[in-house]
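**Q** Input file: upload-v2.pdb. Contents: PDB, C-alpha atoms.
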ATOM      1  CA  MET A   1       1.032  19.255 -17.069
ATOM      2  CA  SER A   2       0.172  18.421 -20.671
ATOM      3  CA  PHE A   3      -2.431  15.792 -21.529
ATOM      4  CA  GLU A   4       0.308  13.505 -22.843
ATOM      5  CA  ALA A   5       2.338  13.845 -19.619
ATOM      6  CA  TRP A   6      -0.819  13.284 -17.551
ATOM      7  CA  SER A   7      -1.650  10.133 -19.549
ATOM      8  CA  ILE A   8       1.821   8.708 -18.967
ATOM      9  CA  PHE A   9       1.640   9.576 -15.262
ATOM     10  CA  ALA A  10      -1.795   7.976 -14.936
ATOM     11  CA  LEU A  11      -0.542   4.792 -16.618
ATOM     12  CA  PHE A  12       2.502   4.736 -14.325
ATOM     13  CA  TRP A  13       0.275   5.135 -11.268
ATOM     14  CA  VAL A  14      -2.064   2.366 -12.406
ATOM     15  CA  VAL A  15       0.901  -0.013 -12.596
ATOM     16  CA  PHE A  16       2.252   1.305  -9.274
ATOM     17  CA  VAL A  17      -0.930   0.681  -7.265
ATOM     18  CA  THR A  18      -2.185  -2.473  -8.999
ATOM     19  CA  THR A  19       1.063  -4.435  -8.653
ATOM     20  CA  PRO A  20       0.311  -6.803  -5.729
ATOM     21  CA  GLY A  21       2.057  -5.855  -2.504
ATOM     22  CA  PRO A  22       1.404  -5.687   1.257
ATOM     23  CA  ASN A  23      -1.435  -3.163   0.802
ATOM     24  CA  ALA A  24      -3.192  -5.407  -1.703
ATOM     25  CA  VAL A  25      -2.816  -8.476   0.504
ATOM     26  CA  ASN A  26      -4.145  -6.560   3.495
ATOM     27  CA  CYS A  27      -7.165  -5.326   1.504
ATOM     28  CA  ILE A  28      -7.934  -8.859   0.317
ATOM     29  CA  SER A  29      -7.620 -10.138   3.890
ATOM     30  CA  ASN A  30      -9.926  -7.402   5.193
ATOM     31  CA  GLY A  31     -12.459  -8.129   2.460
ATOM     32  CA  MET A  32     -12.469 -11.819   3.353
ATOM     33  CA  SER A  33     -12.839 -11.449   7.102
ATOM     34  CA  LEU A  34     -14.750  -8.193   7.677
ATOM     35  CA  PRO A  35     -18.057  -6.616   6.671
ATOM     36  CA  PHE A  36     -17.454  -4.651   3.484
ATOM     37  CA  LEU A  37     -17.920  -1.164   4.956
ATOM     38  CA  LYS A  38     -15.541  -1.917   7.799
ATOM     39  CA  ALA A  39     -13.038  -3.435   5.347
ATOM     40  CA  MET A  40     -13.115  -0.165   3.399
ATOM     41  CA  MET A  41     -11.495   1.527   6.389
ATOM     42  CA  GLY A  42      -8.320  -0.117   5.122
ATOM     43  CA  VAL A  43      -8.705   1.706   1.794
ATOM     44  CA  LEU A  44      -9.235   4.982   3.669
ATOM     45  CA  ALA A  45      -5.972   4.356   5.536
ATOM     46  CA  ILE A  46      -4.109   3.765   2.259
ATOM     47  CA  LEU A  47      -5.520   7.035   0.899
ATOM     48  CA  THR A  48      -4.300   8.794   4.047
ATOM     49  CA  GLN A  49      -0.806   7.395   3.506
ATOM     50  CA  ALA A  50      -0.881   8.239  -0.204
ATOM     51  CA  SER A  51      -1.937  11.840   0.491
ATOM     52  CA  MET A  52       0.806  12.206   3.069
ATOM     53  CA  PHE A  53       3.485  10.753   0.775
ATOM     54  CA  LEU A  54       2.347  12.883  -2.181
ATOM     55  CA  ILE A  55       2.618  16.059  -0.112
ATOM     56  CA  LEU A  56       5.996  15.010   1.315
ATOM     57  CA  SER A  57       7.209  14.217  -2.206
ATOM     58  CA  ALA A  58       6.141  17.663  -3.394
ATOM     59  CA  LEU A  59       8.068  19.184  -0.498
ATOM     60  CA  GLY A  60      11.140  17.108  -1.374
ATOM     61  CA  VAL A  61      11.106  15.136   1.882
ATOM     62  CA  THR A  62      11.112  11.714   0.223
ATOM     63  CA  ALA A  63      14.281  12.669  -1.629
ATOM     64  CA  LEU A  64      15.896  13.475   1.715
ATOM     65  CA  ILE A  65      14.749  10.120   3.125
ATOM     66  CA  ALA A  66      16.158   8.266   0.137
ATOM     67  CA  ALA A  67      19.444  10.166   0.497
ATOM     68  CA  SER A  68      19.878   8.962   4.092
ATOM     69  CA  PRO A  69      21.257   5.393   4.047
ATOM     70  CA  THR A  70      21.083   5.079   7.849
ATOM     71  CA  GLY A  71      17.484   6.259   8.036
ATOM     72  CA  PHE A  72      16.467   3.970   5.199
ATOM     73  CA  PHE A  73      18.270   1.020   6.823
ATOM     74  CA  VAL A  74      16.467   1.507  10.142
ATOM     75  CA  ALA A  75      13.074   1.982   8.466
ATOM     76  CA  LYS A  76      13.753  -1.043   6.277
ATOM     77  CA  LEU A  77      14.469  -3.305   9.265
ATOM     78  CA  VAL A  78      11.397  -2.069  11.159
ATOM     79  CA  GLY A  79       9.181  -2.527   8.121
ATOM     80  CA  ALA A  80      10.588  -5.942   7.258
ATOM     81  CA  GLY A  81      10.195  -7.148  10.838
ATOM     82  CA  PHE A  82       6.599  -5.903  10.977
ATOM     83  CA  LEU A  83       5.622  -7.630   7.723
ATOM     84  CA  ILE A  84       7.303 -10.914   8.696
ATOM     85  CA  TRP A  85       5.590 -10.781  12.102
ATOM     86  CA  LEU A  86       2.217 -10.248  10.406
ATOM     87  CA  GLY A  87       2.903 -13.201   8.116
ATOM     88  CA  LEU A  88       3.942 -15.563  10.905
ATOM     89  CA  ARG A  89       0.967 -14.566  13.043
ATOM     90  CA  GLY A  90      -1.378 -14.999  10.078
ATOM     91  CA  TRP A  91       0.058 -18.450   9.297
ATOM     92  CA  MET A  92      -0.351 -19.642  12.896
ATOM     93  CA  ASN A  93      -3.909 -18.253  13.125
ATOM     94  CA  ALA A  94      -5.017 -19.561   9.711
ATOM     95  CA  GLY A  95      -6.745 -22.565  11.264
ATOM     96  CA  LYS A  96      -8.656 -20.447  13.776
ATOM     97  CA  PRO A  97     -11.965 -18.687  13.068
ATOM     98  CA  ALA A  98     -11.430 -15.111  11.878
ATOM     99  CA  PRO A  99     -12.293 -12.692  14.722
ATOM    100  CA  VAL A 100     -14.837 -10.741  12.662
ATOM    101  CA  SER A 101     -16.554  -8.945  15.525
ATOM    102  CA  GLU A 102     -13.388  -8.260  17.546
ATOM    103  CA  ARG A 103     -11.836  -5.710  15.182
ATOM    104  CA  PRO A 104     -13.258  -2.206  15.549
ATOM    105  CA  ALA A 105     -13.057   0.141  12.575
ATOM    106  CA  ARG A 106     -10.333   2.170  14.290
ATOM    107  CA  HIS A 107      -8.123  -0.920  14.564
ATOM    108  CA  VAL A 108      -8.696  -1.789  10.893
ATOM    109  CA  TYR A 109      -7.733   1.760   9.903
ATOM    110  CA  LEU A 110      -4.601   1.982  12.062
ATOM    111  CA  HIS A 111      -3.430  -1.488  11.033
ATOM    112  CA  ALA A 112      -3.793  -0.667   7.342
ATOM    113  CA  LEU A 113      -2.087   2.702   7.864
ATOM    114  CA  ALA A 114       0.865   0.937   9.503
ATOM    115  CA  VAL A 115       1.152  -1.589   6.661
ATOM    116  CA  ALA A 116       1.022   1.227   4.088
ATOM    117  CA  THR A 117       3.498   3.477   5.857
ATOM    118  CA  ILE A 118       6.274   1.236   7.181
ATOM    119  CA  ASN A 119       7.381  -0.001   3.762
ATOM    120  CA  PRO A 120      10.183   2.369   2.689
ATOM    121  CA  LYS A 121      10.217   0.715  -0.730
ATOM    122  CA  SER A 122       7.141   2.815  -1.514
ATOM    123  CA  VAL A 123       9.415   5.861  -1.353
ATOM    124  CA  ALA A 124      10.920   4.653  -4.626
ATOM    125  CA  GLY A 125       7.532   4.826  -6.354
ATOM    126  CA  TYR A 126       6.884   8.405  -5.257
ATOM    127  CA  LEU A 127      10.415   9.454  -6.162
ATOM    128  CA  ALA A 128       9.999   7.902  -9.597
ATOM    129  CA  ALA A 129       6.689   9.686 -10.125
ATOM    130  CA  PHE A 130       8.059  13.085  -9.159
ATOM    131  CA  SER A 131      11.428  12.756 -10.886
ATOM    132  CA  GLN A 132       9.832  11.674 -14.167
ATOM    133  CA  PHE A 133       6.590  13.628 -14.377
ATOM    134  CA  VAL A 134       6.964  16.872 -12.424
ATOM    135  CA  GLN A 135       8.098  19.815 -14.555
ATOM    136  CA  PRO A 136      10.802  21.856 -12.772
ATOM    137  CA  ASP A 137       9.823  25.078 -14.578
ATOM    138  CA  VAL A 138       6.202  24.959 -13.358
ATOM    139  CA  PRO A 139       5.221  25.725  -9.725
ATOM    140  CA  ILE A 140       4.854  22.378  -7.944
ATOM    141  CA  TRP A 141       1.478  23.125  -6.358
ATOM    142  CA  GLN A 142      -0.045  23.983  -9.729
ATOM    143  CA  GLN A 143       0.954  20.496 -10.858
ATOM    144  CA  MET A 144      -0.284  18.907  -7.620
ATOM    145  CA  VAL A 145      -3.810  20.098  -8.488
ATOM    146  CA  VAL A 146      -3.659  17.532 -11.296
ATOM    147  CA  ILE A 147      -1.352  14.915  -9.775
ATOM    148  CA  MET A 148      -3.088  14.407  -6.423
ATOM    149  CA  PRO A 149      -6.670  13.818  -7.657
ATOM    150  CA  THR A 150      -5.388  11.501 -10.396
ATOM    151  CA  ALA A 151      -3.257   9.467  -7.997
ATOM    152  CA  LEU A 152      -5.906   9.275  -5.272
ATOM    153  CA  ILE A 153      -8.740   8.286  -7.625
ATOM    154  CA  ILE A 154      -6.652   5.506  -9.188
ATOM    155  CA  THR A 155      -5.518   4.388  -5.724
ATOM    156  CA  THR A 156      -9.126   4.282  -4.506
ATOM    157  CA  LEU A 157     -10.294   2.212  -7.470
ATOM    158  CA  SER A 158      -7.367  -0.205  -7.193
ATOM    159  CA  TYR A 159      -7.620  -1.002  -3.496
ATOM    160  CA  THR A 160     -11.403  -1.000  -3.497
ATOM    161  CA  GLY A 161     -11.061  -3.648  -6.208
ATOM    162  CA  PHE A 162      -8.715  -5.709  -4.030
ATOM    163  CA  THR A 163     -11.179  -5.399  -1.127
ATOM    164  CA  VAL A 164     -14.072  -6.543  -3.334
ATOM    165  CA  LEU A 165     -11.912  -9.458  -4.508
ATOM    166  CA  GLY A 166     -11.360 -10.424  -0.889
ATOM    167  CA  ALA A 167     -15.093 -10.222  -0.161
ATOM    168  CA  LEU A 168     -15.833 -12.496  -3.135
ATOM    169  CA  MET A 169     -13.111 -14.912  -2.045
ATOM    170  CA  GLY A 170     -14.534 -14.895   1.472
ATOM    171  CA  LYS A 171     -17.951 -15.907   0.171
ATOM    172  CA  ALA A 172     -16.359 -18.632  -1.925
ATOM    173  CA  ALA A 173     -14.209 -19.898   0.942
ATOM    174  CA  LEU A 174     -17.061 -21.755   2.608
ATOM    175  CA  GLY A 175     -14.960 -24.854   3.103
ATOM    176  CA  ALA A 176     -12.570 -24.779   6.038
ATOM    177  CA  VAL A 177      -9.718 -26.308   4.005
ATOM    178  CA  PHE A 178      -9.939 -23.665   1.277
ATOM    179  CA  ASN A 179     -10.244 -20.890   3.848
ATOM    180  CA  ILE A 180      -7.101 -22.034   5.671
ATOM    181  CA  TRP A 181      -5.186 -22.432   2.394
ATOM    182  CA  VAL A 182      -6.036 -18.913   1.220
ATOM    183  CA  ARG A 183      -5.174 -17.352   4.574
ATOM    184  CA  ARG A 184      -1.831 -19.164   4.643
ATOM    185  CA  VAL A 185      -1.008 -18.016   1.103
ATOM    186  CA  MET A 186      -1.652 -14.415   2.155
ATOM    187  CA  ALA A 187       0.412 -14.922   5.307
ATOM    188  CA  ALA A 188       3.256 -16.285   3.166
ATOM    189  CA  CYS A 189       2.996 -13.170   0.976
ATOM    190  CA  PHE A 190       3.582 -10.950   3.996
ATOM    191  CA  ILE A 191       6.659 -13.008   4.935
ATOM    192  CA  ILE A 192       8.012 -12.843   1.370
ATOM    193  CA  TYR A 193       7.433  -9.078   1.181
ATOM    194  CA  GLY A 194       9.218  -8.675   4.518
ATOM    195  CA  VAL A 195      12.237 -10.673   3.346
ATOM    196  CA  LEU A 196      12.386  -8.751   0.058
ATOM    197  CA  LEU A 197      12.156  -5.468   1.933
ATOM    198  CA  GLY A 198      14.894  -6.521   4.347
ATOM    199  CA  THR A 199      17.268  -7.281   1.482
ATOM    200  CA  SER A 200      16.390  -4.212  -0.606
ATOM    201  CA  THR A 201      18.691  -1.298  -1.321
ATOM    202  CA  ALA A 202      17.894   2.368  -0.808
ATOM    203  CA  PRO A 203      16.063   4.052  -3.702
ATOM    204  CA  ALA A 204      17.947   6.779  -5.522
ATOM    205  CA  ALA A 205      16.390   9.978  -6.729
ATOM    206  CA  ARG A 206      16.879  10.567 -10.425
ATOM    207  CA  GLY A 207      17.360  13.586 -12.563
TER     208      GLY A 207
END
Go through the file and emit its structure as structure tokens.
**A**
Amino acid sequence: MSFEAWSIFALFWVVFVTTPGPNAVNCISNGMSLPFLKAMMGVLAILTQASMFLILSALGVTALIAASPTGFFVAKLVGAGFLIWLGLRGWMNAGKPAPVSERPARHVYLHALAVATINPKSVAGYLAAFSQFVQPDVPIWQQMVVIMPTALIITTLSYTGFTVLGALMGKAALGAVFNIWVRRVMAACFIIYGVLLGTSTAPAARG
């Protein structure tokens, strides 16, 4: 991969992982309600999902998923239902104290991994990255030596930033009214993302 191609890929990935979505909302929520180190388990889960999707993309599996309308439809409904459920639960619990001590690190990790994985719309991002930036005349794993570290470092910085933002918001949200308002906005985001996911169409591989 040339330096110019790498620069374009890096810019694409920055836009991909910094555009607010369910992962960002979950990181902000974790940062607000959990000790910082425990909240970072959510970032670790996102990195796990990103590594898995990058490898599957290199193997061509995401293209197969995108080419299966039935599989995408089922995954879309499951993902949409999960996000809407999270949003409704978050809205109803917004007025209650956040259960800081009741969420072990394992739960934080698995919850974040579920949020990151069930959204089949993310398949479109990985397909776009591999259809636009991977050179067909160069062995894929030689390119992955460059692609994976770049993607994972940018992903780490982005979602660590969202977690820090949540921690800062949590410190600022000393008033109960502000705290409830912020938590309901984030809950509404989950509901909106779920509705958008439920009405989305299957991504198409290009090129």
**Q** Taking the file as I've supplied it (selection: the PyMOL selection byres ((chain A and resi 35-44) around 6)), which residues are included? Please answer as a list in words.
**A**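 After applying the PyMOL selection byres ((chain A and resi 35-44) around 6), what remains is Asn30, Gly31, Leu34, Ala45, Ile46, Leu47, Ala105, Tyr109 and Ala112 of chain A.
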**Q** I'd like the interatomic distance between atom CA of A:Leu168 and atom CA of A:Cys189, to a tenth of an Å.
**A** 19.3 Å
**Q** When you count all atoms listed in the file, which of these residues is closest to A:Met52: A:Thr150, A:Gln135, A:Gln143, A:Thr117?
**A**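 Residue with the minimum atom-to-atom distance to A:Met52: A:Thr117.
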**Q** For a test of reading the model, state the distance in Å between atom CA of A:Ala58 and atom CA of A:Val134, rounded to one decimal.
**A**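 According to the coordinates, atom CA of A:Ala58 and atom CA of A:Val134 are separated by 9.1 Å.
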**Q** What's the separation between atom CA of A:Val138 and atom CA of A:Ile55, in Å to one decimal place?
**A** 16.4 Å
**Q** Find the residue from A:Phe162, A:Gly87, A:Leu54, A:Ser33 that sits nearest to A:Pro20; use only C-alpha atoms when measuring.
**A**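 The answer is A:Phe162, which sits nearest to A:Pro20.
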**Q** Between A:Val17, A:Cys27, A:Glu4, A:Phe9, which has the minimum distance to A:Ile154 (counting all atoms listed in the file)?
**A** A:Val17
**Q** Let me make sure I understand: among A:Ala10, A:Trp141, A:Ser29, A:Ala5, which one has the smallest atom-to-atom distance to A:Met169 if we use all atoms listed in the file?
**A**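 Nearest candidate to A:Met169 out of A:Ala10, A:Trp141, A:Ser29, A:Ala5: A:Ser29.
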**Q** Counting all atoms listed in the file, figure out which residue out of A:Trp6, A:Met92, A:Gly21, A:Ile28 gets nearest to A:Val145.
**A**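 Among the listed residues, A:Trp6 lies closest to A:Val145.
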**Q** Excluding same-chain residues fewer than 3 positions from A:Ile8, what lies within 12 Å of it counting all atoms listed in the file, as a list in words?
**A**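 Contacts, with the query itself left out: Met1, Ser2, Phe3, Glu4, Ala5, Leu11, Phe12, Trp13, Val14, Val15, Ala129, Gln132, Phe133, Val134, Ile147 and Thr150 of chain A.
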**Q** Taking all atoms listed in the file into account, which of A:Gly81, A:Gly161, A:Pro149, A:Gly60 comes nearest A:Asn23?
**A**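 Answer, going by the shortest atom-to-atom distance: A:Gly161.
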**Q** Would you place a box with edges along x, y and z of the file around all atoms of stretch 101-118 of chain A listed there, add 8 Å to each of its six sides, and report the centre and edge lengths in Å to one decimal, as JSON?
**A**
{"center_x": -5.1, "center_y": -2.7, "center_z": 10.8, "size_x": 38.8, "size_y": 28.4, "size_z": 29.5}
